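Report on the structure given below.
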Amino acid sequence: MAHIDYYFATISPFTYLAGEGLEAIAEKHGASVTYKPLDIMALFARTGGVPPKDRHPNRIAYRGQELARAAKKAGMDMNMQPAHFPTNMAPSSYAIIAAQNAGGGDMGKLVHSVLTACWAEEKNVADEDVIRDCLTGAGFDASLADSGLLAGAETYARNLEDAVEAGVFGAPFYVLDDGTLYWGHDKLEDLDLHLSGKL
């Protein structure tokens, strides 16, 4: 059975556009998934990337067009300038880490609900009430929003180190246990083909 380490950031627009595609593919192929939220800005700094706000205007303009096209293609609501972006990713990431450790809910739904809150619902994913709503909506205990903070912080930091070591430089990023890497929401089809033995 294949295993996928899923690296993402809770405010990444391209992770939002991935929806729950990974979960559908994992279920189809019987693959397991470890969710590894990380600090995308720190990852950029470590791997030669540039935060969106610091990019050349040409790159910023193209990114906006690409996001709008991808959202339309996917039939997803998306605010190109969300009210709470950027925001502190740590609280939502810690909650996701705590939920994965606790089990009992739907991880894919939880991750996507956090991203939807940011990119489609004008909510601040650093806000505890928003995080609690996402947890309960995905079948987890809302108290996970403020439990295990030390362990969450340690795992969050370790996820960044694991990502750099694995060759990750953006989000969403899918790392298979055979060493195969896929970057981007638009590579889910390739991931599916790989797990099918066709790629």
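Chain lettering (A, B, ...) mirrors the order of the structure tokens, residue numbering begins at 1 for each chain separately, and ligand numbering begins at 1 in order of display.
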
Can you tell me which residues surround Phe85 of chain A at a distance of at most 9 Å, considering only C-alpha atoms, apart from same-chain residues fewer than 6 positions away, and format the answer as an MDAnalysis selection string? chainID A and resid 11 118:119 124

Could you tell me, as a ChimeraX atom specification, which residues of chain A DSSP assigns to alpha helix (DSSP H) when given the backbone? /A:13-17,21-29,40-47,57-74,90-102,107-119,128-137,149-166,188-195

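Using only C-alpha atoms for every distance, the candidate list A:Tyr35, A:Tyr156, A:Phe44, A:Tyr62 yields A:Tyr35 as the residue closest to Gln100 of chain A.
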
Mind checking which residues fall within 7 Å of Val33 of chain A, counting only C-alpha atoms, ignoring those fewer than 3 positions away in the same chain, and posting them as an mmCIF file with N, CA and C atoms, in the first residue's frame?
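part_4.cif was written with the following content:
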data_model
loop_
_atom_site.group_PDB
_atom_site.id
_atom_site.type_symbol
_atom_site.label_atom_id
_atom_site.label_comp_id
_atom_site.auth_asym_id
_atom_site.auth_seq_id
_atom_site.Cartn_x
_atom_site.Cartn_y
_atom_site.Cartn_z
ATOM 1 N N HIS A 3 2.086 5.145 0.448
ATOM 2 C CA HIS A 3 1.905 6.184 1.461
ATOM 3 C C HIS A 3 2.293 7.528 0.862
ATOM 4 N N ILE A 4 1.541 8.564 1.231
ATOM 5 C CA ILE A 4 1.777 9.913 0.711
ATOM 6 C C ILE A 4 1.962 10.874 1.871
ATOM 7 N N ASP A 5 3.086 11.575 1.890
ATOM 8 C CA ASP A 5 3.269 12.699 2.805
ATOM 9 C C ASP A 5 2.759 13.940 2.082
ATOM 10 N N TYR A 6 1.773 14.584 2.668
ATOM 11 C CA TYR A 6 1.107 15.723 2.037
ATOM 12 C C TYR A 6 1.548 17.009 2.731
#

I'd like a table as JSON lines: residues in segment 35-105 of chain A with an atom no more than 10 Å from segment 130-134 of chain A, each row giving the shortest atom pair and its distance in Å to one decimal, only C-alpha atoms counted, sorted by chain and rising residue number.
{"residue": "A:Pro91", "atom": "CA", "partner": "A:Ile131", "partner_atom": "CA", "distance": 8.0}
{"residue": "A:Ser92", "atom": "CA", "partner": "A:Ile131", "partner_atom": "CA", "distance": 6.2}
{"residue": "A:Ser93", "atom": "CA", "partner": "A:Ile131", "partner_atom": "CA", "distance": 9.6}
{"residue": "A:Ala95", "atom": "CA", "partner": "A:Ile131", "partner_atom": "CA", "distance": 7.4}
{"residue": "A:Ile96", "atom": "CA", "partner": "A:Ile131", "partner_atom": "CA", "distance": 9.2}

Dump all heavy atoms for the selected residues as a short mmCIF file (atom, residue, chain, number, x, y, z; two decimals), in the first residue's frame?
data_model
loop_
_atom_site.label_atom_id
_atom_site.label_comp_id
_atom_site.auth_asym_id
_atom_site.auth_seq_id
_atom_site.Cartn_x
_atom_site.Cartn_y
_atom_site.Cartn_z
N PRO A 91 -1.80 28.67 14.25
CA PRO A 91 -2.93 28.12 15.01
C PRO A 91 -3.72 27.06 14.26
O PRO A 91 -4.05 26.01 14.82
CB PRO A 91 -3.79 29.36 15.30
CG PRO A 91 -2.82 30.50 15.26
CD PRO A 91 -1.85 30.15 14.19
N SER A 92 -4.02 27.30 12.99
CA SER A 92 -4.78 26.31 12.21
C SER A 92 -3.93 25.07 11.96
O SER A 92 -4.43 23.94 11.98
CB SER A 92 -5.27 26.91 10.90
OG SER A 92 -4.20 27.45 10.13
N SER A 93 -2.64 25.26 11.76
CA SER A 93 -1.75 24.12 11.53
C SER A 93 -1.63 23.25 12.78
O SER A 93 -1.66 22.01 12.70
CB SER A 93 -0.36 24.62 11.12
OG SER A 93 -0.41 25.32 9.89
N ALA A 95 -3.87 22.92 15.07
CA ALA A 95 -5.14 22.21 15.24
C ALA A 95 -5.22 21.00 14.31
O ALA A 95 -5.73 19.94 14.69
CB ALA A 95 -6.30 23.17 14.97
N ILE A 96 -4.74 21.17 13.08
CA ILE A 96 -4.73 20.05 12.13
C ILE A 96 -3.82 18.93 12.63
O ILE A 96 -4.16 17.74 12.56
CB ILE A 96 -4.32 20.54 10.73
CG1 ILE A 96 -5.45 21.38 10.13
CG2 ILE A 96 -3.95 19.38 9.81
CD1 ILE A 96 -5.05 22.17 8.90
#

Within 12 Å of Ala98 of chain A, counting only C-alpha atoms, which residues show up once you throw out same-chain ones fewer than 2 positions away? Write them as a ChimeraX atom specification, please. /A:35-37,91-96,100-105,107,110,131,135,140-156

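For the residues A:Lys73, A:Asp192, A:Gly137, A:Leu38, ranking by smallest atom-to-atom distance to Gly21 of chain A using only C-alpha atoms places A:Asp192 first.
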